[in-house]
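Asker: Got a structure for you, structure.csv, holding CSV, C-alpha atoms and all ligand atoms.
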```csv
chain,number,residue,atom,x,y,z
A,1,MET,CA,0.0,0.0,0.0
A,2,ILE,CA,1.4,3.4,-1.0
A,3,ILE,CA,-0.1,6.5,0.7
A,4,GLN,CA,0.8,9.8,-1.0
A,5,THR,CA,-0.3,13.1,0.5
A,6,TYR,CA,-0.7,16.3,-1.6
A,7,ALA,CA,-1.1,19.9,-0.7
A,8,ASP,CA,-4.6,20.2,-2.2
A,9,LEU,CA,-7.1,18.7,-4.6
A,10,GLU,CA,-5.4,20.3,-7.6
A,11,ALA,CA,-2.0,18.6,-6.8
A,12,LEU,CA,-3.8,15.3,-6.0
A,13,SER,CA,-5.7,15.5,-9.3
A,14,ARG,CA,-2.5,16.1,-11.3
A,15,ALA,CA,-0.8,13.1,-9.6
A,16,ALA,CA,-3.8,11.0,-10.4
A,17,ALA,CA,-3.7,12.0,-14.1
A,18,GLU,CA,0.1,11.2,-14.1
A,19,LEU,CA,-0.7,7.8,-12.6
A,20,PHE,CA,-3.3,7.2,-15.3
A,21,ALA,CA,-0.9,8.2,-18.1
A,22,ARG,CA,1.9,6.1,-16.8
A,23,GLN,CA,-0.2,3.0,-16.4
A,24,ALA,CA,-1.8,3.5,-19.8
A,25,LYS,CA,1.7,3.8,-21.5
A,26,ASP,CA,3.0,0.7,-19.7
A,27,ALA,CA,-0.2,-1.3,-20.5
A,28,VAL,CA,-0.3,-0.4,-24.2
A,29,LYS,CA,3.4,-1.2,-24.5
A,30,ALA,CA,3.1,-4.5,-22.7
A,31,ARG,CA,-0.4,-5.7,-23.9
A,32,GLY,CA,-1.5,-3.4,-26.7
A,33,GLN,CA,-4.4,-2.0,-24.6
A,34,PHE,CA,-5.3,-0.3,-21.3
A,35,SER,CA,-8.4,-0.9,-19.2
A,36,VAL,CA,-9.6,1.5,-16.5
A,37,ALA,CA,-12.7,1.7,-14.3
A,38,LEU,CA,-13.7,5.2,-13.3
A,39,SER,CA,-14.9,6.3,-9.9
A,40,GLY,CA,-18.1,8.4,-9.5
A,41,GLY,CA,-18.7,11.3,-7.1
A,42,GLN,CA,-17.1,14.7,-7.3
A,43,THR,CA,-13.5,14.1,-6.2
A,44,PRO,CA,-12.2,12.7,-9.5
A,45,LYS,CA,-13.8,15.5,-11.7
A,46,ARG,CA,-10.7,17.6,-11.6
A,47,THR,CA,-8.5,14.6,-12.6
A,48,TYR,CA,-10.8,14.0,-15.6
A,49,GLU,CA,-10.6,17.6,-16.6
A,50,ILE,CA,-6.8,17.5,-16.5
A,51,LEU,CA,-6.7,14.4,-18.6
A,52,ALA,CA,-8.8,16.1,-21.2
A,53,ARG,CA,-6.2,18.9,-21.7
A,54,SER,CA,-2.6,19.3,-22.6
A,55,PRO,CA,-0.1,17.7,-22.0
A,56,PHE,CA,-2.1,14.5,-21.3
A,57,ARG,CA,-4.4,15.0,-24.3
A,58,GLU,CA,-1.4,14.6,-26.6
A,59,GLN,CA,0.5,12.0,-24.4
A,60,VAL,CA,-2.1,9.3,-24.1
A,61,ASP,CA,-2.8,6.7,-26.9
A,62,TRP,CA,-6.5,7.1,-26.5
A,63,LYS,CA,-7.5,4.6,-29.2
A,64,GLN,CA,-6.2,1.7,-27.2
A,65,ILE,CA,-8.1,2.5,-24.0
A,66,HIS,CA,-11.1,0.7,-22.6
A,67,ILE,CA,-13.2,2.8,-20.2
A,68,PHE,CA,-15.3,1.0,-17.5
A,69,TRP,CA,-17.0,2.3,-14.3
A,70,GLY,CA,-16.6,1.1,-10.7
A,71,ASP,CA,-20.2,1.8,-10.1
A,72,GLU,CA,-23.3,3.7,-11.4
A,73,ARG,CA,-26.4,5.1,-10.0
A,74,CYS,CA,-29.6,3.8,-11.6
A,75,VAL,CA,-30.7,7.1,-13.1
A,76,PRO,CA,-31.3,8.2,-16.7
A,77,PRO,CA,-28.1,8.9,-18.7
A,78,HIS,CA,-28.7,12.7,-18.6
A,79,ASP,CA,-29.4,12.8,-14.9
A,80,PRO,CA,-26.8,15.0,-13.1
A,81,ARG,CA,-26.3,12.1,-10.6
A,82,SER,CA,-25.0,9.8,-13.4
A,83,ASN,CA,-21.3,8.9,-13.0
A,84,ALA,CA,-21.0,8.3,-16.7
A,85,ARG,CA,-22.5,11.7,-17.5
A,86,LEU,CA,-19.9,13.4,-15.2
A,87,ALA,CA,-16.9,11.6,-16.9
A,88,ARG,CA,-18.2,12.2,-20.4
A,89,ARG,CA,-18.8,16.0,-19.9
A,90,ALA,CA,-15.5,16.6,-18.0
A,91,TRP,CA,-13.3,14.4,-20.2
A,92,LEU,CA,-14.4,11.5,-22.4
A,93,ASP,CA,-16.3,13.7,-24.9
A,94,GLN,CA,-13.2,15.8,-25.5
A,95,VAL,CA,-10.5,13.1,-26.3
A,96,PRO,CA,-10.4,10.7,-29.3
A,97,LEU,CA,-11.4,7.5,-27.6
A,98,ASP,CA,-12.9,4.7,-29.7
A,99,PRO,CA,-16.7,4.9,-28.7
A,100,SER,CA,-17.0,1.1,-28.9
A,101,ARG,CA,-14.4,1.0,-26.0
A,102,ILE,CA,-16.5,3.1,-23.6
A,103,HIS,CA,-18.5,0.7,-21.5
A,104,PRO,CA,-21.1,2.4,-19.2
A,105,ILE,CA,-23.1,0.4,-16.7
A,106,SER,CA,-26.8,0.0,-17.5
A,107,CYS,CA,-29.5,-0.7,-15.0
A,108,LEU,CA,-31.9,-1.8,-17.6
A,109,PRO,CA,-34.2,-3.8,-17.8
A,110,SER,CA,-33.5,-3.9,-14.0
A,111,PRO,CA,-30.5,-3.3,-11.8
A,112,ALA,CA,-29.9,-7.0,-11.3
A,113,ALA,CA,-30.1,-7.6,-15.0
A,114,GLY,CA,-27.7,-4.7,-15.6
A,115,ALA,CA,-25.3,-6.1,-13.1
A,116,ARG,CA,-25.3,-9.5,-14.8
A,117,GLU,CA,-24.8,-8.0,-18.2
A,118,TYR,CA,-21.8,-5.9,-17.0
A,119,GLU,CA,-20.3,-9.0,-15.3
A,120,ALA,CA,-20.7,-10.9,-18.6
A,121,LEU,CA,-18.9,-8.0,-20.4
A,122,LEU,CA,-16.1,-8.0,-17.8
A,123,ARG,CA,-15.7,-11.8,-17.9
A,124,LYS,CA,-15.3,-11.6,-21.7
A,125,PHE,CA,-12.7,-8.8,-21.4
A,126,CYS,CA,-10.7,-10.1,-18.4
A,127,THR,CA,-9.3,-13.4,-19.4
A,128,GLY,CA,-6.0,-15.4,-19.1
A,129,ALA,CA,-3.0,-13.4,-17.9
A,130,SER,CA,-5.3,-10.4,-17.2
A,131,PRO,CA,-8.0,-11.5,-14.8
A,132,GLY,CA,-8.6,-7.9,-13.8
A,133,LEU,CA,-8.5,-4.4,-15.1
A,134,ASP,CA,-5.3,-2.4,-15.4
A,135,LEU,CA,-6.4,0.4,-13.2
A,136,ILE,CA,-9.4,1.1,-11.0
A,137,PHE,CA,-10.0,4.6,-9.5
A,138,LEU,CA,-12.1,4.6,-6.3
A,139,GLY,CA,-13.4,7.3,-3.9
A,140,LEU,CA,-14.2,7.1,-0.2
A,141,GLY,CA,-17.4,8.1,1.3
A,142,GLU,CA,-17.6,9.8,4.8
A,143,ASP,CA,-19.2,6.6,6.0
A,144,GLY,CA,-16.3,4.4,4.7
A,145,HIS,CA,-18.1,3.2,1.6
A,146,THR,CA,-16.3,2.9,-1.8
A,147,ALA,CA,-17.8,2.4,-5.2
A,148,SER,CA,-21.4,1.5,-4.3
A,149,LEU,CA,-20.2,-0.9,-1.5
A,150,PHE,CA,-22.1,0.6,1.5
A,151,PRO,CA,-21.9,-0.5,5.1
A,152,ASP,CA,-23.8,-3.7,6.1
A,153,ASN,CA,-24.8,-4.4,2.5
A,154,GLY,CA,-25.0,-7.9,1.2
A,155,ALA,CA,-22.7,-7.1,-1.7
A,156,LEU,CA,-19.8,-6.9,0.7
A,157,GLU,CA,-19.8,-10.7,1.1
A,158,GLU,CA,-20.2,-11.5,-2.6
A,159,ARG,CA,-17.3,-13.8,-3.5
A,160,GLU,CA,-18.5,-15.3,-6.8
A,161,HIS,CA,-19.9,-12.4,-8.8
A,162,TRP,CA,-17.9,-9.5,-10.1
A,163,THR,CA,-20.8,-7.1,-10.0
A,164,ALA,CA,-23.8,-6.5,-7.7
A,165,ALA,CA,-27.1,-4.6,-7.7
A,166,VAL,CA,-27.6,-2.7,-4.5
A,167,TYR,CA,-30.3,-0.4,-3.0
A,168,VAL,CA,-29.3,2.6,-0.9
A,169,PRO,CA,-32.3,3.5,1.2
A,170,ALA,CA,-30.8,6.8,2.4
A,171,GLN,CA,-30.6,8.0,-1.3
A,172,GLY,CA,-33.7,6.1,-2.5
A,173,LEU,CA,-31.4,4.9,-5.3
A,174,HIS,CA,-30.6,1.6,-6.9
A,175,ARG,CA,-27.0,1.2,-8.0
A,176,VAL,CA,-24.8,-1.3,-9.8
A,177,THR,CA,-21.2,-1.8,-8.4
A,178,LEU,CA,-18.1,-3.8,-8.9
A,179,THR,CA,-17.6,-6.2,-6.0
A,180,PRO,CA,-14.4,-6.3,-3.9
A,181,THR,CA,-13.6,-9.7,-5.4
A,182,PHE,CA,-13.3,-8.2,-8.9
A,183,ILE,CA,-11.8,-4.9,-7.7
A,184,ASN,CA,-9.0,-6.8,-6.0
A,185,GLN,CA,-8.1,-8.5,-9.3
A,186,ALA,CA,-6.9,-5.2,-10.7
A,187,ARG,CA,-3.2,-4.5,-11.4
A,188,VAL,CA,-3.5,-1.1,-9.7
A,189,VAL,CA,-6.2,0.4,-7.5
A,190,ALA,CA,-6.0,4.1,-6.6
A,191,PHE,CA,-8.2,5.8,-4.1
A,192,LEU,CA,-8.6,9.6,-4.5
A,193,VAL,CA,-9.6,11.2,-1.2
A,194,ALA,CA,-9.8,15.0,-0.6
A,195,GLY,CA,-11.2,17.3,2.0
A,196,ALA,CA,-11.5,17.6,5.8
A,197,ALA,CA,-14.9,15.8,5.7
A,198,LYS,CA,-13.1,12.6,4.8
A,199,SER,CA,-10.4,12.7,7.5
A,200,GLN,CA,-12.3,10.6,10.0
A,201,ALA,CA,-13.3,7.9,7.5
A,202,LEU,CA,-9.7,7.8,6.1
A,203,ARG,CA,-8.2,7.4,9.5
A,204,GLU,CA,-10.6,4.7,10.5
A,205,VAL,CA,-10.1,2.8,7.2
A,206,LEU,CA,-6.4,3.0,7.2
A,207,GLN,CA,-5.5,3.0,10.9
A,208,GLY,CA,-8.6,1.9,12.8
A,209,SER,CA,-9.6,-1.6,13.8
A,210,ARG,CA,-10.7,-4.0,11.0
A,211,ASP,CA,-14.4,-3.8,10.6
A,212,SER,CA,-15.2,-4.1,6.9
A,213,GLN,CA,-18.9,-4.4,7.4
A,214,ARG,CA,-18.8,-0.8,8.9
A,215,LEU,CA,-15.9,0.3,6.7
A,216,PRO,CA,-16.3,-1.4,3.3
A,217,ALA,CA,-13.2,0.4,1.8
A,218,GLN,CA,-11.1,-1.9,4.1
A,219,LEU,CA,-12.1,-4.8,1.8
A,220,ILE,CA,-10.0,-3.3,-1.0
A,221,ASP,CA,-6.6,-5.1,-1.0
A,222,PRO,CA,-5.5,-6.0,-4.5
A,223,GLU,CA,-3.3,-9.0,-4.7
A,224,PRO,CA,-0.8,-9.2,-6.5
A,225,GLY,CA,-1.8,-5.7,-7.6
A,226,GLU,CA,-0.8,-2.4,-6.1
A,227,LEU,CA,-2.9,-0.1,-3.9
A,228,TYR,CA,-2.4,3.6,-3.9
A,229,TRP,CA,-4.1,6.2,-1.6
A,230,LEU,CA,-3.8,9.6,-3.2
A,231,VAL,CA,-5.0,12.0,-0.4
A,232,ASP,CA,-4.9,15.7,0.2
A,233,ARG,CA,-3.5,17.3,3.4
A,234,GLU,CA,-7.0,18.0,4.8
A,235,ALA,CA,-8.1,14.4,4.4
A,236,ALA,CA,-4.8,13.2,5.9
A,237,GLU,CA,-5.2,15.4,8.9
A,238,GLY,CA,-5.9,12.7,11.3
A,239,LEU,CA,-3.4,10.1,10.1
A,240,ARG,CA,-0.6,9.2,12.5
B,1,LIG,C1,-20.5,7.1,-6.2
B,1,LIG,C2,-19.0,6.8,-6.0
B,1,LIG,C3,-18.7,6.8,-4.5
B,1,LIG,C4,-17.9,8.0,-4.3
B,1,LIG,C5,-17.8,8.4,-2.9
B,1,LIG,C6,-17.0,9.7,-2.7
B,1,LIG,O1,-21.0,6.7,-7.3
B,1,LIG,O2,-21.0,7.8,-5.4
B,1,LIG,O3,-18.6,5.8,-6.7
B,1,LIG,O4,-18.1,5.7,-4.1
B,1,LIG,O5,-16.6,7.8,-4.9
B,1,LIG,O6,-19.1,8.6,-2.4
B,1,LIG,O7,-17.7,10.7,-3.4
B,1,LIG,P1,-17.2,12.2,-3.5
B,1,LIG,O8,-16.0,12.1,-4.4
B,1,LIG,O9,-18.3,13.0,-4.2
B,1,LIG,O10,-16.9,12.7,-2.1
```
Starting from the file, lay out its structure as structure tokens.
Answerer:
Amino acid sequence: MIIQTYADLEALSRAAAELFARQAKDAVKARGQFSVALSGGQTPKRTYEILARSPFREQVDWKQIHIFWGDERCVPPHDPRSNARLARRAWLDQVPLDPSRIHPISCLPSPAAGAREYEALLRKFCTGASPGLDLIFLGLGEDGHTASLFPDNGALEEREHWTAAVYVPAQGLHRVTLTPTFINQARVVAFLVAGAAKSQALREVLQGSRDSQRLPAQLIDPEPGELYWLVDREAAEGLR
């Protein structure tokens, strides 16, 4: 596990963009393609904006990149809560990706059916020497959730499936998420965590007692992959 602290969200976002570009270059050189799952929420937005502009716009071999998502809210594509909508507007619509290599999560005809369909896509894509994606970006909720893996949710124990459909009562939202089993098959997993509001969750996840039902982000431990925590100074405030 590598924890890197940055002065602020801007510095963290630039580091995340550099991590993306480095992993993409290595993957394309080694395997002719690069696969990444994007995180939702607001924290990664600045990273996405930086990747849409120079120098990253020119540096990255966009045509060889497959875009997936770590989770999605079950809302219409143009709903402001959509994770895919956020990434498309901030980044994906502005770089020359191959549209057939952008793989948004669908919740239709139902969240469960959408989860199964996404799992089938992933199982077709992740085979042989590459049982997981090259890079997965994740965020951290103030309650210790990550992707759509919320405390005390059945998806936390899912060992066979690579995706799960979950219902979040507090938000009145159905969601589809990657499961810890699949996330942990990635070559690199990178959490992006910024802001004072995340300091308690970050401290408990990283330095508190193990309680993954209460702190689902503790389930993320890629093997043999690498785990990065890119955090800003405010979020790292409480860390020893
Ligand atoms: C989602 C995300 C979720 C997010 C955290 C942090 O769809 O909501 O996948 O796991 O990463 O809730 O969100 P912020 O970056 O907005 O704080």
Asker: Using all atoms listed in the file, determine which residues lie at most 8 Å from Leu156 in chain A, disregarding the query and same-chain residues fewer than 3 positions distant; provide the list as a list of chain:residue names.
Answerer: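 Near neighbours after the sequence-gap exclusion: A:Leu149, A:Phe150, A:Asp152, A:Asn153, A:Thr179, A:Pro180, A:Gln213, A:Pro216.
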Asker: Give me, as a list in words, the set of residues whose atoms come within 8 Å of any atom of ligand LIG 1 (chain B), counting all atoms listed in the file.
Answerer: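 The residues near ligand LIG 1 (chain B) are Ser39, Gly40, Gly41, Gln42, Thr43, Pro44, Gly70, Asp71, Glu72, Arg73, Ser82, Asn83, Leu138, Gly139, Leu140, Gly141, Glu142, His145, Thr146, Ala147, Ser148, Leu149, Leu192, Val193, Ala194 and Lys198 of chain A.
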Asker: Report, in Å to a single decimal, how far apart CA of Ser13 in chain A and CA of Leu202 in chain A are.
Answerer: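 Distance reported for this atom pair: 17.7 Å.
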Asker: Counting all atoms listed in the file, which residues sit no farther than 7 Å from the position (-4.2, 0.5, -3.6) in the file's frame? I'd like them as a PyMOL selection string.
Answerer: chain A and resi 1-2+188-191+221-222+226-229
Asker: Provide the CA of Glu204 in chain A to CA of Gly144 in chain A distance in Å, to one decimal place.
Answerer: 8.1 Å
Asker: Of the candidates A:Ala84, A:Leu239, A:Ile102, A:Ile50, which one gets nearest to Arg14 in chain A if we count all atoms listed in the file?
Answerer: A:Ile50
Asker: Quick one: of A:Phe137, A:Val28, A:Val168, A:Ala37, who's nearest to Pro104 in chain A, counting only C-alpha atoms?
Answerer: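 Using only C-alpha atoms, Pro104 in chain A sits closest to A:Ala37.
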Asker: Can you tell me how far CA of Gln23 in chain A sits from CA of Arg123 in chain A, in Å to one decimal?
Answerer: 21.5 Å
Asker: Which is closer to Ala129 in chain A than all the others in A:Arg187, A:Arg159, A:Arg57, A:Arg89, using all atoms listed in the file?
Answerer: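 Among the listed residues, A:Arg187 lies closest to Ala129 in chain A.
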Asker: Could you check which of A:Ser130, A:Ser100, A:Thr47, A:Thr163 is closest to Ala27 in chain A, using all atoms listed in the file?
Answerer: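 Of the candidates, the smallest distance to Ala27 in chain A is held by A:Ser130.
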Asker: List the spatial neighbours of Arg22 in chain A as a PyMOL selection string - criterion: any atom at most 12 Å away, only C-alpha atoms, same-chain residues fewer than 3 positions off excluded.
Answerer: chain A and resi 15-19+25-29+34+56+59-61+134-135+188
Asker: Write out the residues from the selection above, keeping C-alpha atoms, as a short mmCIF file (atom, residue, chain, number, x, y, z; two decimals), in the frame of the given file.
Answerer:
```cif
data_model
loop_
_atom_site.label_atom_id
_atom_site.label_comp_id
_atom_site.auth_asym_id
_atom_site.auth_seq_id
_atom_site.Cartn_x
_atom_site.Cartn_y
_atom_site.Cartn_z
CA ALA A 15 -0.80 13.10 -9.60
CA ALA A 16 -3.80 11.00 -10.40
CA ALA A 17 -3.70 12.00 -14.10
CA GLU A 18 0.10 11.20 -14.10
CA LEU A 19 -0.70 7.80 -12.60
CA LYS A 25 1.70 3.80 -21.50
CA ASP A 26 3.00 0.70 -19.70
CA ALA A 27 -0.20 -1.30 -20.50
CA VAL A 28 -0.30 -0.40 -24.20
CA LYS A 29 3.40 -1.20 -24.50
CA PHE A 34 -5.30 -0.30 -21.30
CA PHE A 56 -2.10 14.50 -21.30
CA GLN A 59 0.50 12.00 -24.40
CA VAL A 60 -2.10 9.30 -24.10
CA ASP A 61 -2.80 6.70 -26.90
CA ASP A 134 -5.30 -2.40 -15.40
CA LEU A 135 -6.40 0.40 -13.20
CA VAL A 188 -3.50 -1.10 -9.70
#
```
Asker: Looking at A:His174, A:Asp93, A:Arg240, A:Trp62, which one is nearest to Cys107 in chain A, with distances taken over all atoms listed in the file?
Answerer: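 Checking each of A:His174, A:Asp93, A:Arg240, A:Trp62 against Cys107 in chain A, counting all atoms listed in the file, the winner is A:His174.
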Asker: Taking only C-alpha atoms into account, which of A:Ala120, A:Val166, A:Val75, A:Ile65 comes nearest Asp98 in chain A?
Answerer: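 Answer, going by the shortest atom-to-atom distance: A:Ile65.
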